[in-house]
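query-v2.pdb, holding PDB, C-alpha atoms:
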ATOM      1  CA  ASN A   6      12.058   2.404 -16.402
ATOM      2  CA  ALA A   7      11.388  -0.838 -14.577
ATOM      3  CA  GLY A   8      10.070   1.032 -11.521
ATOM      4  CA  VAL A   9      10.302  -1.107  -8.381
ATOM      5  CA  THR A  10      11.532  -4.670  -8.820
ATOM      6  CA  GLN A  11      11.544  -7.475  -6.257
ATOM      7  CA  THR A  12      13.201 -10.879  -6.140
ATOM      8  CA  PRO A  13      12.246 -13.617  -5.718
ATOM      9  CA  LYS A  14       8.597 -13.746  -6.756
ATOM     10  CA  PHE A  15       7.894 -16.868  -4.708
ATOM     11  CA  GLN A  16       9.736 -18.615  -1.897
ATOM     12  CA  VAL A  17       9.065 -21.549   0.404
ATOM     13  CA  LEU A  18      11.107 -21.812   3.604
ATOM     14  CA  LYS A  19      11.206 -24.237   6.476
ATOM     15  CA  THR A  20      10.868 -22.902  10.001
ATOM     16  CA  GLY A  21      14.218 -21.589  11.201
ATOM     17  CA  GLN A  22      15.703 -20.971   7.768
ATOM     18  CA  SER A  23      16.901 -17.530   6.768
ATOM     19  CA  MET A  24      16.546 -15.565   3.571
ATOM     20  CA  THR A  25      16.835 -12.079   2.117
ATOM     21  CA  LEU A  26      14.229 -10.398  -0.043
ATOM     22  CA  GLN A  27      15.712  -7.982  -2.545
ATOM     23  CA  CYS A  28      14.212  -4.718  -3.759
ATOM     24  CA  ALA A  29      15.520  -2.156  -6.209
ATOM     25  CA  GLN A  30      14.099   1.031  -7.716
ATOM     26  CA  ASP A  31      15.306   3.030 -10.681
ATOM     27  CA  MET A  32      13.351   6.243 -10.074
ATOM     28  CA  ASN A  33      16.064   7.940  -8.006
ATOM     29  CA  HIS A  34      13.746   7.949  -4.996
ATOM     30  CA  ASN A  35      15.102   8.756  -1.583
ATOM     31  CA  SER A  36      12.644   6.765   0.540
ATOM     32  CA  MET A  37      11.901   3.062   0.491
ATOM     33  CA  TYR A  38       9.557   0.810   2.459
ATOM     34  CA  TRP A  39       8.794  -2.826   3.223
ATOM     35  CA  TYR A  40       5.190  -3.912   3.852
ATOM     36  CA  ARG A  41       3.540  -7.233   4.474
ATOM     37  CA  GLN A  42       0.038  -8.014   3.241
ATOM     38  CA  ASP A  43      -2.125 -10.514   5.059
ATOM     39  CA  PRO A  44      -5.763 -11.400   4.311
ATOM     40  CA  GLY A  45      -8.187  -9.128   6.157
ATOM     41  CA  MET A  46      -5.393  -6.947   7.532
ATOM     42  CA  GLY A  47      -4.441  -4.694   4.667
ATOM     43  CA  LEU A  48      -0.804  -3.652   4.395
ATOM     44  CA  ARG A  49       1.362  -3.188   7.457
ATOM     45  CA  LEU A  50       4.658  -1.358   7.450
ATOM     46  CA  ILE A  51       7.639  -3.449   8.571
ATOM     47  CA  TYR A  52      10.577  -1.060   8.093
ATOM     48  CA  TYR A  53      11.304   2.026   6.093
ATOM     49  CA  SER A  54      14.299   4.023   4.987
ATOM     50  CA  ALA A  55      13.946   7.770   4.732
ATOM     51  CA  SER A  56      17.169   8.098   2.747
ATOM     52  CA  GLU A  57      20.350   6.232   1.965
ATOM     53  CA  GLY A  58      22.048   5.231   5.180
ATOM     54  CA  THR A  59      18.992   5.412   7.442
ATOM     55  CA  THR A  60      16.418   2.804   8.463
ATOM     56  CA  ASP A  61      13.567   2.884  10.969
ATOM     57  CA  LYS A  62      11.033   0.459  12.390
ATOM     58  CA  GLY A  63       7.440   0.435  11.240
ATOM     59  CA  GLU A  64       4.416  -1.223  12.828
ATOM     60  CA  VAL A  65       5.579  -4.850  12.752
ATOM     61  CA  PRO A  66       9.416  -5.030  12.749
ATOM     62  CA  ASN A  67       9.915  -8.057  15.004
ATOM     63  CA  GLY A  68      11.670 -10.938  13.265
ATOM     64  CA  TYR A  69      13.029  -8.799  10.439
ATOM     65  CA  ASN A  70      16.109  -6.769   9.621
ATOM     66  CA  VAL A  71      16.748  -4.409   6.742
ATOM     67  CA  SER A  72      19.677  -2.939   4.874
ATOM     68  CA  ARG A  73      19.666   0.153   2.688
ATOM     69  CA  LEU A  74      22.573  -0.924   0.550
ATOM     70  CA  ASN A  75      22.609   2.214  -1.582
ATOM     71  CA  LYS A  76      20.053   4.645  -2.939
ATOM     72  CA  ARG A  77      18.577   2.034  -5.276
ATOM     73  CA  GLU A  78      18.435  -1.066  -3.093
ATOM     74  CA  PHE A  79      16.624  -1.951   0.132
ATOM     75  CA  SER A  80      16.698  -5.548   1.351
ATOM     76  CA  LEU A  81      14.618  -7.343   3.982
ATOM     77  CA  ARG A  82      16.114 -10.250   5.920
ATOM     78  CA  LEU A  83      14.387 -12.965   7.879
ATOM     79  CA  GLU A  84      17.005 -14.439  10.201
ATOM     80  CA  SER A  85      14.928 -17.368  11.485
ATOM     81  CA  ALA A  86      11.690 -17.767   9.594
ATOM     82  CA  ALA A  87       8.472 -18.605  11.437
ATOM     83  CA  PRO A  88       5.082 -19.731  10.053
ATOM     84  CA  SER A  89       3.645 -16.388  11.227
ATOM     85  CA  GLN A  90       5.827 -14.718   8.595
ATOM     86  CA  THR A  91       3.939 -16.426   5.790
ATOM     87  CA  SER A  92       2.701 -13.435   3.820
ATOM     88  CA  VAL A  93       3.045 -11.401   0.663
ATOM     89  CA  TYR A  94       5.819  -8.831   0.981
ATOM     90  CA  PHE A  95       5.789  -5.570  -0.936
ATOM     91  CA  CYS A  96       8.575  -3.098  -1.390
ATOM     92  CA  ALA A  97       7.679   0.508  -2.195
ATOM     93  CA  SER A  98       9.483   3.750  -2.848
ATOM     94  CA  SER A  99       8.677   7.445  -2.889
ATOM     95  CA  GLU A 100      10.557  10.585  -3.769
ATOM     96  CA  ASN A 101      10.891  11.340  -0.077
ATOM     97  CA  LEU A 102       9.002  10.692   3.145
ATOM     98  CA  SER A 103       6.670  13.623   2.648
ATOM     99  CA  SER A 104       5.668  12.527  -0.871
ATOM    100  CA  TYR A 105       2.032  11.593  -1.244
ATOM    101  CA  GLU A 106       2.430   8.761  -3.733
ATOM    102  CA  GLN A 107       4.260   5.516  -3.186
ATOM    103  CA  TYR A 108       5.275   3.163  -5.987
ATOM    104  CA  PHE A 109       4.984  -0.539  -5.273
ATOM    105  CA  GLY A 110       6.820  -3.576  -6.539
ATOM    106  CA  PRO A 111       4.998  -6.740  -7.686
ATOM    107  CA  GLY A 112       5.463  -8.535  -4.372
ATOM    108  CA  THR A 113       7.120 -11.690  -3.022
ATOM    109  CA  ARG A 114       4.870 -14.513  -1.867
ATOM    110  CA  LEU A 115       6.590 -16.252   1.063
ATOM    111  CA  THR A 116       5.417 -19.471   2.672
ATOM    112  CA  VAL A 117       7.049 -20.775   5.850
ATOM    113  CA  THR A 118       6.248 -24.388   6.699
TER     114      THR A 118
ATOM    115  CA  ALA B   3      -3.994   6.760  16.256
ATOM    116  CA  GLN B   4      -5.474   7.319  12.855
ATOM    117  CA  SER B   5      -7.335   4.596  11.018
ATOM    118  CA  VAL B   6      -9.458   3.819   7.996
ATOM    119  CA  ALA B   7     -12.228   1.275   7.697
ATOM    120  CA  GLN B   8     -13.539  -0.433   4.594
ATOM    121  CA  PRO B   9     -16.816  -2.010   5.701
ATOM    122  CA  GLU B  10     -17.316  -4.237   2.661
ATOM    123  CA  ASP B  11     -15.054  -7.177   1.879
ATOM    124  CA  GLN B  12     -16.517  -7.455  -1.608
ATOM    125  CA  VAL B  13     -18.657  -5.346  -3.909
ATOM    126  CA  ASN B  14     -20.355  -6.785  -6.977
ATOM    127  CA  VAL B  15     -21.637  -4.524  -9.727
ATOM    128  CA  ALA B  16     -22.851  -5.077 -13.274
ATOM    129  CA  GLU B  17     -20.791  -3.659 -16.123
ATOM    130  CA  GLY B  18     -22.030  -0.217 -17.100
ATOM    131  CA  ASN B  19     -23.559   0.489 -13.697
ATOM    132  CA  PRO B  20     -22.128   3.050 -11.278
ATOM    133  CA  LEU B  21     -19.896   1.698  -8.535
ATOM    134  CA  THR B  22     -19.074   2.833  -5.021
ATOM    135  CA  VAL B  23     -16.416   1.443  -2.720
ATOM    136  CA  LYS B  24     -16.771   2.744   0.809
ATOM    137  CA  CYS B  25     -14.150   4.088   3.195
ATOM    138  CA  THR B  26     -14.512   5.855   6.519
ATOM    139  CA  TYR B  27     -11.703   7.411   8.477
ATOM    140  CA  SER B  28     -10.782   8.385  11.997
ATOM    141  CA  VAL B  29      -8.097  11.049  12.259
ATOM    142  CA  SER B  30      -7.098  13.927  14.429
ATOM    143  CA  GLY B  31      -6.635  17.085  12.442
ATOM    144  CA  ASN B  32      -6.961  17.351   8.692
ATOM    145  CA  PRO B  33      -6.920  14.002   6.915
ATOM    146  CA  TYR B  34      -4.689  13.106   4.010
ATOM    147  CA  LEU B  35      -6.596  10.323   2.249
ATOM    148  CA  PHE B  36      -5.688   8.013  -0.620
ATOM    149  CA  TRP B  37      -7.031   5.230  -2.794
ATOM    150  CA  TYR B  38      -4.838   2.493  -4.252
ATOM    151  CA  VAL B  39      -5.781  -0.401  -6.558
ATOM    152  CA  GLN B  40      -4.187  -3.836  -6.722
ATOM    153  CA  TYR B  41      -4.640  -6.024  -9.782
ATOM    154  CA  PRO B  42      -3.967  -9.772  -9.481
ATOM    155  CA  ASN B  43      -0.301 -10.607  -8.891
ATOM    156  CA  ARG B  44       0.669  -6.944  -9.012
ATOM    157  CA  GLY B  45       1.721  -4.309  -6.526
ATOM    158  CA  LEU B  46      -0.524  -1.459  -5.466
ATOM    159  CA  GLN B  47      -1.054   1.430  -7.849
ATOM    160  CA  PHE B  48      -1.947   4.954  -6.780
ATOM    161  CA  LEU B  49      -5.409   6.101  -7.924
ATOM    162  CA  LEU B  50      -6.070   9.439  -6.251
ATOM    163  CA  LYS B  51      -5.605  11.539  -3.150
ATOM    164  CA  TYR B  52      -7.396  14.169  -1.071
ATOM    165  CA  ILE B  53      -5.219  16.735   0.645
ATOM    166  CA  THR B  54      -7.313  19.887   0.696
ATOM    167  CA  GLY B  55      -9.685  21.864  -1.507
ATOM    168  CA  ASP B  56     -12.517  20.497  -3.631
ATOM    169  CA  ASN B  57     -14.344  17.620  -1.955
ATOM    170  CA  LEU B  58     -14.620  15.725  -5.257
ATOM    171  CA  VAL B  59     -11.266  14.401  -6.314
ATOM    172  CA  LYS B  60     -10.632  12.942  -9.761
ATOM    173  CA  GLY B  61      -8.064  10.235 -10.344
ATOM    174  CA  SER B  62      -6.814   7.640 -12.774
ATOM    175  CA  TYR B  63      -8.942   5.350 -14.985
ATOM    176  CA  GLY B  64     -12.096   7.488 -14.571
ATOM    177  CA  PHE B  65     -12.295   7.041 -10.805
ATOM    178  CA  GLU B  66     -13.230   9.808  -8.420
ATOM    179  CA  ALA B  67     -13.692  10.050  -4.680
ATOM    180  CA  GLU B  68     -15.865  12.246  -2.522
ATOM    181  CA  PHE B  69     -14.539  13.610   0.735
ATOM    182  CA  ASN B  70     -17.279  14.153   3.307
ATOM    183  CA  LYS B  71     -16.056  15.713   6.523
ATOM    184  CA  SER B  72     -19.338  15.453   8.440
ATOM    185  CA  GLN B  73     -19.634  11.728   7.704
ATOM    186  CA  THR B  74     -15.852  11.127   7.903
ATOM    187  CA  SER B  75     -16.029   9.264   4.627
ATOM    188  CA  PHE B  76     -13.973   9.081   1.457
ATOM    189  CA  HIS B  77     -15.899   6.820  -0.907
ATOM    190  CA  LEU B  78     -14.467   5.788  -4.255
ATOM    191  CA  LYS B  79     -16.821   6.097  -7.223
ATOM    192  CA  LYS B  80     -17.029   5.544 -10.945
ATOM    193  CA  PRO B  81     -20.050   6.412 -13.115
ATOM    194  CA  SER B  82     -19.831   3.331 -15.348
ATOM    195  CA  ALA B  83     -17.989   0.191 -14.271
ATOM    196  CA  LEU B  84     -15.830  -1.909 -16.601
ATOM    197  CA  VAL B  85     -14.976  -5.584 -16.229
ATOM    198  CA  SER B  86     -11.335  -4.504 -16.204
ATOM    199  CA  ASP B  87     -12.000  -2.529 -12.995
ATOM    200  CA  SER B  88     -12.247  -5.820 -11.109
ATOM    201  CA  ALA B  89      -9.466  -5.658  -8.522
ATOM    202  CA  LEU B  90      -8.695  -5.109  -4.843
ATOM    203  CA  TYR B  91      -9.064  -1.516  -3.654
ATOM    204  CA  PHE B  92      -7.370  -0.026  -0.601
ATOM    205  CA  CYS B  93      -8.165   3.181   1.209
ATOM    206  CA  ALA B  94      -5.308   4.747   3.181
ATOM    207  CA  VAL B  95      -4.608   7.687   5.460
ATOM    208  CA  ARG B  96      -1.288   9.342   6.050
ATOM    209  CA  GLU B  97      -0.257   9.847   9.656
ATOM    210  CA  ALA B  98       2.538  11.995  11.029
ATOM    211  CA  THR B  99       4.859  10.154  13.404
ATOM    212  CA  THR B 100       6.509  11.469  16.549
ATOM    213  CA  SER B 101       9.863  11.393  14.769
ATOM    214  CA  GLY B 102       8.643  13.935  12.247
ATOM    215  CA  THR B 103       8.099  11.485   9.402
ATOM    216  CA  TYR B 104       4.941  10.033   7.883
ATOM    217  CA  LYS B 105       3.477   6.594   7.572
ATOM    218  CA  TYR B 106       0.482   5.226   5.716
ATOM    219  CA  ILE B 107      -2.301   3.326   7.423
ATOM    220  CA  PHE B 108      -4.074   1.064   4.944
ATOM    221  CA  GLY B 109      -7.573  -0.318   5.184
ATOM    222  CA  THR B 110      -8.252  -4.031   4.872
ATOM    223  CA  GLY B 111      -9.225  -3.780   1.222
ATOM    224  CA  THR B 112     -12.427  -4.261  -0.775
ATOM    225  CA  ARG B 113     -12.595  -6.686  -3.663
ATOM    226  CA  LEU B 114     -14.546  -5.217  -6.561
ATOM    227  CA  LYS B 115     -16.067  -7.653  -9.011
ATOM    228  CA  VAL B 116     -17.626  -6.229 -12.162
ATOM    229  CA  LEU B 117     -19.923  -8.705 -13.877
ATOM    230  CA  ALA B 118     -20.294  -8.752 -17.648
TER     231      ALA B 118
END

Here is a file; write its structure as structure tokens.
Amino acid sequence: NAGVTQTPKFQVLKTGQSMTLQCAQDMNHNSMYWYRQDPGMGLRLIYYSASEGTTDKGEVPNGYNVSRLNKREFSLRLESAAPSQTSVYFCASSENLSSYEQYFGPGTRLTVT
Amino acid sequence: AQSVAQPEDQVNVAEGNPLTVKCTYSVSGNPYLFWYVQYPNRGLQFLLKYITGDNLVKGSYGFEAEFNKSQTSFHLKKPSALVSDSALYFCAVREATTSGTYKYIFGTGTRLKVLA
């Protein structure tokens, strides 16, 4: 099992450009999450998906959109990137929303200039 | 709102010595507490959790954590540190949302450096 995979690993964007971060899990988990990690701020939840076909906002959803394409895949889109979105983005999954343990991908390091 | 605090940005310890990484929490009701570890260029990995029961919780890689309700703390400990334990450690609490789901609140992280 690969677990949770993310692409790309690194990305540099100019302000105003758009891009989609991809995430896939092969553990047959129902729930998936997108976090951003910034120095001194820990991880903050951007969006989550309780199950296929549903998505909900987390703590910091502004400037992002998500798509739960199927049970395996959960993508994060930046429509018009801003320097404030420079961060490391982590995708995670869990069996369901009430599960205690989340499984994290390796992260995508995004720089917006 | 629930929160966790990790008061130390970095902890240095000599290999073979005991280590402690501190976490305090602020919750309403019974806390569900977690520790995760992040190695360089990797995602977070689950170490252990406290839900209920014994205040001393054992987890992966020889780590344990002590839940102390009176001090609202959940410190991570290991009796003998290894150089390979050097990583970033996150404390987290699980919070119920108004929509009936759960979300995790993570602390700011503590970098552990074990010196050979």

In Å, how far is it from atom CA of A:Met46 to atom CA of A:Ser99? 22.7 Å

Suppose a student applies the PyMOL selection byres ((chain B) within 9 of (chain A)) to this structure; what residues should they get, written as a PyMOL selection string? chain B and resi 11+34+36+43-48+50-51+92+96+103-111

Starting from the shown file, work through the PyMOL selection byres ((chain A and resi 66) around 12) and note down what comes out as a PyMOL selection string. chain A and resi 38-41+49-53+60-65+67-71+81-83+90

Write out, as a compact mmCIF listing (two decimals), in the coordinates of the input, the residues just selected, with C-alpha atoms.
# COMPACT_ATOMS: atom_id res chain seq x y z
CA TYR A 38 9.56 0.81 2.46
CA TRP A 39 8.79 -2.83 3.22
CA TYR A 40 5.19 -3.91 3.85
CA ARG A 41 3.54 -7.23 4.47
CA ARG A 49 1.36 -3.19 7.46
CA LEU A 50 4.66 -1.36 7.45
CA ILE A 51 7.64 -3.45 8.57
CA TYR A 52 10.58 -1.06 8.09
CA TYR A 53 11.30 2.03 6.09
CA THR A 60 16.42 2.80 8.46
CA ASP A 61 13.57 2.88 10.97
CA LYS A 62 11.03 0.46 12.39
CA GLY A 63 7.44 0.44 11.24
CA GLU A 64 4.42 -1.22 12.83
CA VAL A 65 5.58 -4.85 12.75
CA ASN A 67 9.91 -8.06 15.00
CA GLY A 68 11.67 -10.94 13.26
CA TYR A 69 13.03 -8.80 10.44
CA ASN A 70 16.11 -6.77 9.62
CA VAL A 71 16.75 -4.41 6.74
CA LEU A 81 14.62 -7.34 3.98
CA ARG A 82 16.11 -10.25 5.92
CA LEU A 83 14.39 -12.96 7.88
CA GLN A 90 5.83 -14.72 8.60

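With distances restricted to only C-alpha atoms, A:Arg77 is the closest residue to A:Asn33 from A:Leu115, A:Ser92, A:Arg77, A:Lys19.
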
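The two atoms in question, atom CA of A:Ala87 and atom CA of B:Leu90, are spaced 27.2 Å apart.
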
Closest of A:Ser54, A:Gln27, A:Ser72, A:Thr20 to A:Ser89 - atom-to-atom distances counting all atoms listed in the file: A:Thr20

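Evaluated against this file, the PyMOL selection byres ((chain A and resi 30) around 8) yields A:Ala7, A:Gly8, A:Val9, A:Thr10, A:Cys28, A:Ala29, A:Asp31, A:Met32, A:Asn33, A:His34, A:Arg77, A:Glu78, A:Ser98.
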
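Close to (-13.7, 9.8, 12.9), meaning no more than 12 Å away when counting all atoms listed in the file, sit the residues Ala3, Gln4, Ser5, Val6, Ala7, Cys25, Thr26, Tyr27, Ser28, Val29, Ser30, Gly31, Asn32, Pro33, Asn70, Lys71, Ser72, Gln73, Thr74, Ser75, Phe76 and Val95 of chain B.
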
Deliver the residues from the most recent selection as a file, using C-alpha atoms, as a CSV table (one decimal), in the frame of the given file.
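See out.csv below for the written result:
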chain,number,residue,atom,x,y,z
B,3,ALA,CA,-4.0,6.8,16.3
B,4,GLN,CA,-5.5,7.3,12.9
B,5,SER,CA,-7.3,4.6,11.0
B,6,VAL,CA,-9.5,3.8,8.0
B,7,ALA,CA,-12.2,1.3,7.7
B,25,CYS,CA,-14.2,4.1,3.2
B,26,THR,CA,-14.5,5.9,6.5
B,27,TYR,CA,-11.7,7.4,8.5
B,28,SER,CA,-10.8,8.4,12.0
B,29,VAL,CA,-8.1,11.0,12.3
B,30,SER,CA,-7.1,13.9,14.4
B,31,GLY,CA,-6.6,17.1,12.4
B,32,ASN,CA,-7.0,17.4,8.7
B,33,PRO,CA,-6.9,14.0,6.9
B,70,ASN,CA,-17.3,14.2,3.3
B,71,LYS,CA,-16.1,15.7,6.5
B,72,SER,CA,-19.3,15.5,8.4
B,73,GLN,CA,-19.6,11.7,7.7
B,74,THR,CA,-15.9,11.1,7.9
B,75,SER,CA,-16.0,9.3,4.6
B,76,PHE,CA,-14.0,9.1,1.5
B,95,VAL,CA,-4.6,7.7,5.5
